[in-house]
Each structure stands twice: as structure tokens, then as C-alpha cells.
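**Student:** Have a look at the structure that comes next, please.
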Amino acid sequence: MTQGVMVFAETTGGTLASIAKELLGAGRKLADALGEPLLAAVLGHGVQEAAQEAVYHGADTVYVADAPVLETYQTASYTAVMAQIVAQAQPSILLIGMSDNGRDLAPRLAFRLGTGLASDCVDLAINPETKLLEATRPVSGGNAMATVVIEKTRPQMATVRAKTMEPAVRDPSRQGTLVPVEVTLDPATLPARVIERVKAKAEGVRLEDAEIVIAGGRGLKGPEDFYALLEPCAKLLGGAVGASRAAVDEGWVPTQMQIGLTGKIISPKLYIACAISGAAQHMAGCGYAKTIVAINRDPDAPIFQRAHLGVVGDYKKVIPAFHKKCEELLKK
Amino acid sequence: MDIIVTIKQVPDPEAPKESFRIDEEAKRILNPANVDPVINGYDENAIEAALQLKEAVGGKVTALCMGEESATRALKQALAMGVDEAILLHDPAFADADATATAYVLAAAIRKLGKYDLILCGRQASDWDQAQVPSGIAEYLDLPSVTAVQKVEVRDGTVRVERILEDGYEVIELPMPCLVTVSNEANRPRYPTLKGIMAAGKKQIPVWNAAALEVDPARVGRAGSLTRVVKLYIPRFEGSCEFIEGETPEEMGEKLALRLRELKII
Ligand SMILES: Cc1cc2nc3c(=O)[nH]c(=O)nc-3n(C[C@H](O)[C@H](O)[C@H](O)COP(=O)(O)OP(=O)(O)OC[C@H]3O[C@@H](n4cnc5c(N)ncnc54)[C@H](O)[C@@H]3O)c2cc1C
Ligand SMILES: Nc1ncnc2c1ncn2[C@@H]1O[C@H](COP(=O)(O)O)[C@@H](O)[C@H]1O
């Protein structure tokens, strides 16, 4: 019999990633609803401390695969080791974050295990009668929502969208067990080779961390206003600049600035969308902002259905006046 | 070099928002009325990547699509773009397949084709947004895979890709045969030329059914699916937007700043 809720607790630079804390938070609730333990899998090199942190964040048992071959993510190595851990721990549910690595690992692992996977979920619940995981996920970019169950196979797998789950609270008095996992993988047998990692140029506040984000869309008609209007305004407010996919596809700004379903998921306290129509795929990335401001000259633009504050007008005129007023207000 | 591209026909995501339709009862996403279905956007990027590789190193590009008979439309378009061969995988038993049952049929078709060096897929299909099928194909065929790439090249018999990361990208080398999923950053798909459209019109699109593929009936379509959609609905957002009024856009800009200050947001 399978038992326990397992989360793939990702690490970055040896510490628990924020998505891991969100998964541990979500996993704890599911485990408690089932009356089963919360398990975590930590893979990497030099991750003992992160494994202990997983305990402090709610895990009862942590499977730790600590080996040089797991230093950097690779589909083949991570899939093999995760499959081994699942075979050992036999969890009934397995959650993986929708991160760069999670989105690559989860489907490959699901097929290796011969089980079903619900992708990019935003809500997870246990059905009180059937005890099945009910995973709710946006489909068609968020134009519809689907609730998915996995009846016949175990573990029931789900990937989870970033910033949709309440992160676990750290409690250093929590006790748990660390189970070392033997990694026998020979790096020479891995088919792919990671040649290099290239960092995109980045200045100022990281988009994912910014409290205030000002974004531009196709209506900006070129790269100029991103740098002439949006960036100075974001700087003034201590925020970052983002973009819709249309602006990225046009080549005006780098892909790392894209917000949305296939871009970044952000939850700033203030999001200002300039000349963005508000397609579901875009709102998938910014819908969790506490306050959404839309500046669009089309009063019927769909974004006004999701915005808290709206300005019907040309951003080219609205933003400079807004900037000036903010400057005055911030001086006071 | 033999390249296989998997393409799915989907409702046009650029169709007006109001036209979006689902069947809550049957748990299906419907094509909007009066808007023709399209090749999934990322699959067009995959086709373009395949055609560019063919232009660079020579070879043959085959497009595979599992779908209704109406999906010949997508395959015709792929042929018009320059794909050499297109095959429809259709059988009533394939209906309502989840990622597992879809990957199983596509893998069977690729096995039947037999010869391949590279399989290119889209990063995800814009109807169900699963991003699972390609990894499944790779697993069934025991191939190395990399997902969501912004560049694919072939050099000295190996495939070199750039996998997109949140803060940059990663350069990965894979031996052939392998499977790669293509993201929109990779290229701008070409438009079919008139000559291409004419040539495509003359080409036959073979249809392979369950018998032709020799697949296990228990593993296709709804029967072979491991996930089940128990509820499908359209989320409603109560429009409660507070509009900033003003005579001029400049005045509205100022008032916006004042209102945000009042709300203690800035
Ligand atoms: C599978 C898939 C994934 C996707 N992922 C993403 C994603 O991650 N992120 C994303 O953003 N999109 C994504 N998209 C694309 C999405 O569907 C839309 O096409 C895109 O968001 C549109 O961008 P936009 O709003 O900038 O452009 P448009 O829809 O063209 O809107 C431009 C808006 O600007 C307004 N405007 C023009 N000029 C001015 C002016 N001077 N002042 C004020 N307003 C003006 C217009 O009224 C219009 O509303 C995805 C699509 C698919 C199919
Ligand atoms: N029915 C299908 N026929 C052909 N290719 C498909 C089909 N479904 C999915 N794919 C391929 O798999 C990719 C990812 O799809 P998905 O996993 O459904 O999001 C798509 O971009 C296609 O390349």
C-alpha cells in the first residue's frame, strides 16, 4: 500500500528554494487531511542542511540523495534517482514545483513510474469521501479551470504553480528523520551533457521579488518606452519592469521579462499593466498581485475585468504625469 | 537527417475571449464558432526549427498529428510550410486521450516510421496546457529529452540546444536520436508560400488507425488515460474595477498616483 504525501524539495545554492517551502506548506495540509506523514525528497550535492530545513518546514521524513552527480539538474539523473526514491518510500501523492527543473522532471518521472500527472495546479484538496487528490489547474491559458483525479495509479502526481500555495512556517524545534539514499549512478552513462549555463543580464530588483512591477505590452510599439518611460518610473518606486509575451515576441525586451503562463509568475503588491490587453495567459502570471492597475486606451479591454484600478487612456501621456506626481508624493 | 515533428490541432488561442467555449458535461474544450482551428503555436515553432535544420544539413521532415479527421487541416498547413510528409493518427478509439494515451499512440507511430534522428515537439499544447506528451514519447522510446528550448542546432552528429531558464539559459548536448521541445523564442514560423500551398494540395495524407499502429486498445483514448477530469468550468471574475476619472490622460495619471497613495500602496 502506498502511504504519505511526498514533495520534491528543490534547492538553490544549497538552500531550500521558495517553491519547496510552498510545496511543504501545501503537502503538510494534504498529509494532515489524510492522516499520513509528509515526506520530502532532497537531491543535490551538499544538501544535508537543506534536508534538515525541510524537517523544520514540516517534513516528517526526508530522503536525501547527496552526490556529486546530482550537483546540476539533468533529466536522466534526476528522473532515475526520484524513481528510486519513490520505489523506496511508496508515497500515495507526489508534488513537484513548476520551476525550470520541475516542469522538465515531472512528466518524464510520471511516465517512468507509469502514473498520471496533473500539470501546473493552483489548488489541491483531498476529497473527504474518496480520499483522492483533487488537483485544480487552469487550462487554455486560464480561460477554463479543470479539476483532475488520478484513480488507478500511484503516486498521484501534480506539479504546482509557483506562489499559489502558502509557504510552510519554519519551526526549528520540529523533529524528523533523514534517510540517506544511495546514489549509484555513473555520470559517464548520462546521455546529455550540460556545456554551460549563461546568465541573462540583470540589473536592479529581480522581477520575481519586486513589490512593484510596471509592465508593457504590444501597445508600446517598440523597445523605446520600456527604457524611457517604464524603467525610470519603476526605479523611482523601487520596482521592476515586466512585459507581455507580445512584447517579447517582437524582440523588444528579453524573454526573462515575460510575465504569464509561460513566463514569470509574480505576486507583487502593485502591478501596473500598460497597453496590455489582459489575455488569460498573461493574467496567469500576474493575477495574484494584490493591486492590479490597468492603463489601456480601449475601455473594453479584458484586463479591466481583472484590474482593481483602471485608467482609460494613452499610457504615453498617463505614465509621465503619474511619474511626476509620484516623485512629488515620495518627497513629502 | 530524419526529423519527426509532432503537431496538434487546437482552437485558435487568439480568437476573441468571448468566443471561448467548453462542454462542461463532456469535459471538452470546444472550437469557437466561426474561428478555424490552428496548429498549436509551439508546434509551428517546432516545424520551423525542423525546416531550418533540414536546410542546414539536409534530410527529411515528417509531421505526425493525432486527432479527428478535421485535423488534416493542420497537416496540410504543415505540408504547405515545407514538411515532406504528413500522417494523421486517427481512430474513434483515440478520443479523449490524456497525455499518457496520446504519447502512447505517437510513440507507436514513430516506431512504425522506424527511421528518425531527432523528434521535435512543441513545448505545450495551448488547449490543455499539459506539457507532458513529449516527455512521454521520449520515455516510451527510451530517448534522451530536453524541454523548452530556445535554440536547436546539429553539429558533428550531435544536437546542441539552449534550454530556457528563469535567469538565462543552459547549453546542452545530446546524442542522436533524441527528443527536444521547442519554445516560441526559437524562431518565427514561416508563412506558407503559394507554391507550398499548391504542392501541399496534391499530397496525400495517410491515416493510421489503431489496427495499423498495432496498439493495445486498453492503452489508447479514454480507456488508456490515467487522469480524469471530474470538473471543467469557466472562472468568473466579478468586474469591480474602479476607474480613475479625469478630463485628460495627464490628469488621470496624477489622480492614479494620489489614489495609490491614499490606499497606502505607494
Ligand atoms: C500557450 C500560450 C502561452 C502564452 N503565454 C503567455 C505569457 O506567458 N505571457 C503573456 O503575456 N502572454 C502569453 N501568451 C499570449 C497571450 O495569449 C496574448 O497574445 C498576449 O498576452 C498579448 O499581449 P498584449 O496584451 O501585449 O498585446 P495585445 O493583446 O495586442 O494588446 C495590446 C493592448 O494595448 C492597448 N494599447 C495600444 N496602444 C495603447 C496606448 N498607446 N495606450 C494604452 N493602451 C494601448 C490596446 O488597446 C490593447 O488592449 C500565450 C499564448 C499562448 C497560446
Ligand atoms: N494529439 C497530438 N498529436 C500530435 N502531437 C501532439 C498531440 N498532443 C500533444 N502533442 C505534442 O506534444 C506537445 C505538448 O503537448 P501537451 O503535452 O499536450 O501540452 C505539443 O506541442 C505537440 O508537439
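The chains in the C-alpha cells are called A, B, ... from first to last as shown; in each chain the residues are counted from 1, and the ligands are counted from 1 in the order shown.
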As a PyMOL selection string, please: every protein or nucleic acid residue near ligand 2 (cut-off 6 Å, counting only C-alpha atoms and all ligand atoms).
**Tutor:** chain B and resi 6-8+42-43+64-67+99+102+121-125+129-134
**Student:** How close does each residue of chain A get to ligand 1, giving the shortest atom pair and distance in Å to one decimal for every residue with an atom at most 7 Å away, counting only C-alpha atoms and all ligand atoms, sorted by chain and residue number, as CSV?
**Tutor:**
residue,atom,partner,partner_atom_place_in_ligand_line,distance
A:Gly141,CA,ligand 1,2 (C),6.3
A:Gly216,CA,ligand 1,26 (O),6.7
A:Gly217,CA,ligand 1,26 (O),3.1
A:Arg218,CA,ligand 1,26 (O),3.8
A:Gly219,CA,ligand 1,37 (C),3.4
A:Leu220,CA,ligand 1,38 (N),6.3
A:Ala243,CA,ligand 1,11 (O),6.7
A:Ser244,CA,ligand 1,11 (O),3.3
A:Arg245,CA,ligand 1,10 (C),3.9
A:Ala246,CA,ligand 1,23 (O),4.3
A:Ala247,CA,ligand 1,26 (O),5.9
A:Gln258,CA,ligand 1,9 (N),5.8
A:Ile259,CA,ligand 1,9 (N),4.9
A:Gly260,CA,ligand 1,8 (O),3.2
A:Leu261,CA,ligand 1,8 (O),3.9
A:Thr262,CA,ligand 1,8 (O),3.7
A:Gly263,CA,ligand 1,8 (O),4.2
A:Cys274,CA,ligand 1,43 (C),6.1
A:Ala275,CA,ligand 1,34 (O),3.4
A:Ile276,CA,ligand 1,25 (O),3.4
A:Ser277,CA,ligand 1,49 (O),3.5
A:Gly278,CA,ligand 1,25 (O),5.4
A:Ala279,CA,ligand 1,21 (O),5.0
A:Ala280,CA,ligand 1,17 (O),6.5
A:Gln281,CA,ligand 1,13 (C),4.6
A:His282,CA,ligand 1,11 (O),3.8
A:Gly285,CA,ligand 1,8 (O),6.8
A:Ile295,CA,ligand 1,43 (C),5.8
A:Asn296,CA,ligand 1,44 (N),3.5
A:Arg297,CA,ligand 1,43 (C),4.3
A:Asp298,CA,ligand 1,47 (O),4.5
A:Ala301,CA,ligand 1,49 (O),5.2
A:Gly313,CA,ligand 1,43 (C),5.6
A:Asp314,CA,ligand 1,42 (N),3.5
A:Tyr315,CA,ligand 1,42 (N),4.2
A:Lys316,CA,ligand 1,41 (N),6.0
**Student:** With only C-alpha atoms counted and 6 Å as the cut-off, give the residues of chain B in contact with chain A, each with its shortest interatomic distance in Å and the pair that gives it, as CSV.
**Tutor:**
residue,atom,partner,partner_atom,distance
B:Ser126,CA,A:Ser140,CA,5.6
B:Asp127,CA,A:Ser140,CA,4.5
B:Trp128,CA,A:Val139,CA,4.9
B:Asp129,CA,A:Val139,CA,5.8
B:Gln130,CA,A:Ser119,CA,5.5
B:Gln132,CA,A:Pro107,CA,5.1
B:Ser135,CA,A:Arg108,CA,5.0
B:Gly136,CA,A:Phe111,CA,5.6
B:Leu165,CA,A:Asp100,CA,5.8
B:Asp167,CA,A:Ala200,CA,5.7
B:Gly168,CA,A:Lys199,CA,4.4
B:Tyr169,CA,A:Val198,CA,5.3
B:Glu170,CA,A:Arg197,CA,4.3
B:Val171,CA,A:Glu196,CA,5.3
B:Ile172,CA,A:Val194,CA,4.4
B:Glu173,CA,A:Arg193,CA,5.1
B:Leu174,CA,A:Ala192,CA,4.7
B:Leu226,CA,A:Gly116,CA,5.0
B:Thr227,CA,A:Ile150,CA,4.8
B:Arg228,CA,A:Val149,CA,5.3
B:Val229,CA,A:Val148,CA,4.4
B:Val230,CA,A:Thr147,CA,5.7
B:Lys231,CA,A:Thr147,CA,5.0
B:Leu232,CA,A:Ala146,CA,4.5
B:Tyr233,CA,A:Met145,CA,5.4
B:Ile234,CA,A:Ala144,CA,4.4
B:Gly239,CA,A:Gln305,CA,4.5
B:Cys241,CA,A:His308,CA,4.6
B:Glu242,CA,A:Leu309,CA,4.8
B:Phe243,CA,A:Gly310,CA,4.6
B:Ile244,CA,A:Val311,CA,5.5
B:Pro249,CA,A:Val318,CA,5.1
B:Glu250,CA,A:Val318,CA,5.1
B:Gly253,CA,A:Phe322,CA,4.3
B:Glu254,CA,A:Phe322,CA,4.9
B:Ala257,CA,A:Phe322,CA,5.7
**Student:** Any chance you can output those residues with N, CA and C atoms as a compact mmCIF listing (two decimals), in the first residue's frame?
**Tutor:**
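Written output follows (part_15.txt):
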# COMPACT_ATOMS: atom_id res chain seq x y z
N SER B 126 -1.72 24.44 -26.44
CA SER B 126 -2.40 25.58 -25.81
C SER B 126 -3.85 25.29 -25.42
N ASP B 127 -4.36 24.09 -25.73
CA ASP B 127 -5.73 23.80 -25.27
C ASP B 127 -5.73 23.31 -23.81
N TRP B 128 -4.95 22.28 -23.53
CA TRP B 128 -4.93 21.73 -22.16
C TRP B 128 -3.66 22.11 -21.39
N ASP B 129 -2.71 22.77 -22.03
CA ASP B 129 -1.51 23.27 -21.32
C ASP B 129 -0.84 22.23 -20.44
N GLN B 130 -0.67 21.01 -20.95
CA GLN B 130 -0.13 19.97 -20.07
C GLN B 130 1.39 19.90 -20.05
N GLN B 132 3.30 17.56 -21.27
CA GLN B 132 3.65 16.21 -20.81
C GLN B 132 3.94 15.24 -21.93
N SER B 135 7.64 14.32 -23.18
CA SER B 135 8.43 13.52 -22.22
C SER B 135 7.97 12.08 -22.24
N GLY B 136 6.67 11.89 -22.47
CA GLY B 136 6.12 10.54 -22.55
C GLY B 136 6.64 9.80 -23.77
N LEU B 165 15.96 29.09 -18.97
CA LEU B 165 15.87 29.11 -17.52
C LEU B 165 15.34 30.47 -17.08
N ASP B 167 16.59 32.60 -15.23
CA ASP B 167 17.57 33.68 -15.20
C ASP B 167 18.59 33.56 -16.34
N GLY B 168 18.23 32.86 -17.40
CA GLY B 168 19.16 32.74 -18.51
C GLY B 168 18.88 31.49 -19.32
N TYR B 169 19.92 30.78 -19.68
CA TYR B 169 19.72 29.51 -20.37
C TYR B 169 20.91 28.59 -20.13
N GLU B 170 20.71 27.33 -20.54
CA GLU B 170 21.68 26.28 -20.33
C GLU B 170 21.97 25.66 -21.69
N VAL B 171 23.23 25.45 -22.01
CA VAL B 171 23.58 24.81 -23.28
C VAL B 171 23.77 23.32 -23.02
N ILE B 172 23.03 22.49 -23.74
CA ILE B 172 23.08 21.04 -23.51
C ILE B 172 23.37 20.32 -24.83
N GLU B 173 24.21 19.32 -24.76
CA GLU B 173 24.50 18.48 -25.93
C GLU B 173 23.89 17.10 -25.75
N LEU B 174 23.24 16.63 -26.81
CA LEU B 174 22.57 15.32 -26.76
C LEU B 174 23.01 14.49 -27.95
N LEU B 226 -4.81 7.93 -17.65
CA LEU B 226 -4.59 7.75 -16.22
C LEU B 226 -5.14 8.92 -15.40
N THR B 227 -5.42 10.04 -16.08
CA THR B 227 -6.01 11.18 -15.38
C THR B 227 -7.45 11.32 -15.86
N ARG B 228 -8.31 11.79 -14.97
CA ARG B 228 -9.70 12.01 -15.37
C ARG B 228 -10.13 13.41 -14.91
N VAL B 229 -10.70 14.15 -15.85
CA VAL B 229 -11.21 15.48 -15.50
C VAL B 229 -12.59 15.28 -14.89
N VAL B 230 -12.74 15.68 -13.62
CA VAL B 230 -14.04 15.49 -12.98
C VAL B 230 -14.87 16.77 -13.03
N LYS B 231 -14.20 17.89 -13.33
CA LYS B 231 -14.94 19.14 -13.40
C LYS B 231 -14.22 20.07 -14.37
N LEU B 232 -14.98 20.72 -15.23
CA LEU B 232 -14.41 21.71 -16.14
C LEU B 232 -15.34 22.91 -16.13
N TYR B 233 -14.80 24.09 -15.86
CA TYR B 233 -15.67 25.27 -15.77
C TYR B 233 -14.91 26.52 -16.16
N ILE B 234 -15.67 27.56 -16.46
CA ILE B 234 -15.06 28.84 -16.81
C ILE B 234 -15.08 29.73 -15.56
N GLY B 239 -16.19 41.83 -12.12
CA GLY B 239 -15.54 43.07 -12.53
C GLY B 239 -15.84 44.18 -11.54
N CYS B 241 -13.70 46.99 -11.16
CA CYS B 241 -12.64 47.94 -11.43
C CYS B 241 -13.10 49.36 -11.11
N GLU B 242 -12.27 50.05 -10.35
CA GLU B 242 -12.56 51.46 -10.04
C GLU B 242 -11.84 52.30 -11.09
N PHE B 243 -12.60 52.99 -11.92
CA PHE B 243 -11.98 53.78 -12.99
C PHE B 243 -11.59 55.16 -12.47
N ILE B 244 -10.38 55.56 -12.80
CA ILE B 244 -9.90 56.90 -12.43
C ILE B 244 -10.44 57.88 -13.48
N PRO B 249 -5.66 62.55 -20.05
CA PRO B 249 -4.87 61.42 -19.55
C PRO B 249 -3.85 61.85 -18.50
N GLU B 250 -3.33 63.08 -18.65
CA GLU B 250 -2.35 63.57 -17.68
C GLU B 250 -3.00 63.69 -16.30
N GLY B 253 -3.42 60.36 -14.80
CA GLY B 253 -2.14 59.85 -14.30
C GLY B 253 -1.84 60.39 -12.91
N GLU B 254 -2.07 61.68 -12.72
CA GLU B 254 -1.84 62.28 -11.40
C GLU B 254 -2.78 61.70 -10.37
N ALA B 257 -1.79 58.32 -9.10
CA ALA B 257 -0.75 58.38 -8.07
C ALA B 257 -1.37 58.75 -6.72
**Student:** Assign secondary structure with DSSP using the backbone only, and return the residues of range 212-325 of chain A in strand (DSSP E) as a list in words.
**Tutor:**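 Checking each residue of range 212-325 of chain A, the strand (DSSP E) ones are Ile212, Val213, Ile214, Ala215, Gly216, Ala240, Val241, Gly242, Ala243, Leu270, Tyr271, Ile272, Ala273, Cys274, Thr291, Ile292, Val293, Ala294, Ile295, Asn296, Leu309, Gly310, Val311 and Val312 of chain A.
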**Student:** Filtering to C-alpha atoms, could you give me those residues as a short mmCIF file (atom, residue, chain, number, x, y, z; two decimals), in the first residue's frame?
**Tutor:**
data_model
loop_
_atom_site.label_atom_id
_atom_site.label_comp_id
_atom_site.auth_asym_id
_atom_site.auth_seq_id
_atom_site.Cartn_x
_atom_site.Cartn_y
_atom_site.Cartn_z
CA ILE A 212 6.01 46.87 -7.54
CA VAL A 213 6.02 45.85 -11.18
CA ILE A 214 5.28 48.02 -14.20
CA ALA A 215 4.78 46.06 -17.39
CA GLY A 216 4.36 46.98 -21.03
CA ALA A 240 10.97 46.18 -11.71
CA VAL A 241 9.82 46.20 -15.32
CA GLY A 242 7.98 43.29 -16.96
CA ALA A 243 6.38 42.60 -20.31
CA LEU A 270 1.23 46.56 -7.06
CA TYR A 271 1.10 45.60 -10.73
CA ILE A 272 0.70 48.29 -13.37
CA ALA A 273 -0.07 46.97 -16.86
CA CYS A 274 0.48 49.46 -19.67
CA THR A 291 -3.50 45.51 -6.58
CA ILE A 292 -3.73 45.45 -10.36
CA VAL A 293 -3.77 48.74 -12.26
CA ALA A 294 -4.59 48.73 -15.97
CA ILE A 295 -3.74 51.58 -18.31
CA ASN A 296 -5.34 50.93 -21.68
CA LEU A 309 -7.94 50.37 -10.66
CA GLY A 310 -8.29 51.38 -14.29
CA VAL A 311 -7.24 54.28 -16.45
CA VAL A 312 -8.74 54.53 -19.92
#
**Student:** Which residue, A:Gly58, A:Pro167, A:Gly44, A:Gly13, has the smallest gap to Asp32 in chain A when you use only C-alpha atoms?
**Tutor:** A:Gly58
**Student:** Quote the spacing between CA of Lys60 in chain B and CA of Ile110 in chain B in Å to one decimal place.
**Tutor:**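 For CA of Lys60 in chain B relative to CA of Ile110 in chain B, the distance reads 14.1 Å.
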**Student:** Compare B:Asn184, B:Pro144, B:Thr193, B:Phe20 by their minimum atom-to-atom distance to Pro235 in chain B, counting only C-alpha atoms, and give me the closest one.
**Tutor:** B:Phe20
**Student:** Between A:Val169, A:Ala50, A:Ala33, A:Val253, which one has atoms that come closest to Phe226 in chain A, using only C-alpha atoms?
**Tutor:**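 Of all the options, A:Val253 lies closest to Phe226 in chain A.
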**Student:** I need the residue nearest Gln204 in chain B from this list: B:Gln150, B:Ser240, B:Asn34, B:Thr72. Use only C-alpha atoms for the distance.
**Tutor:**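 Nearest candidate to Gln204 in chain B out of B:Gln150, B:Ser240, B:Asn34, B:Thr72: B:Thr72.
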**Student:** Just the helix (DSSP H, G or I) stuff from range 60-93 of chain B, please, per backbone DSSP, written as a list in words.
**Tutor:**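 The helix (DSSP H, G or I) residues within range 60-93 of chain B come out as Glu69, Ser70, Ala71, Thr72, Arg73, Ala74, Leu75, Lys76, Gln77, Ala78, Leu79, Ala80, Met81, Pro92 and Ala93 of chain B.
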**Student:** Can you list, as a count of residues only, every protein, DNA or RNA residue that comes within 6 Å of range 24-31 of chain A when you count only C-alpha atoms, leaving out same-chain residues fewer than 5 positions away?
**Tutor:** 7
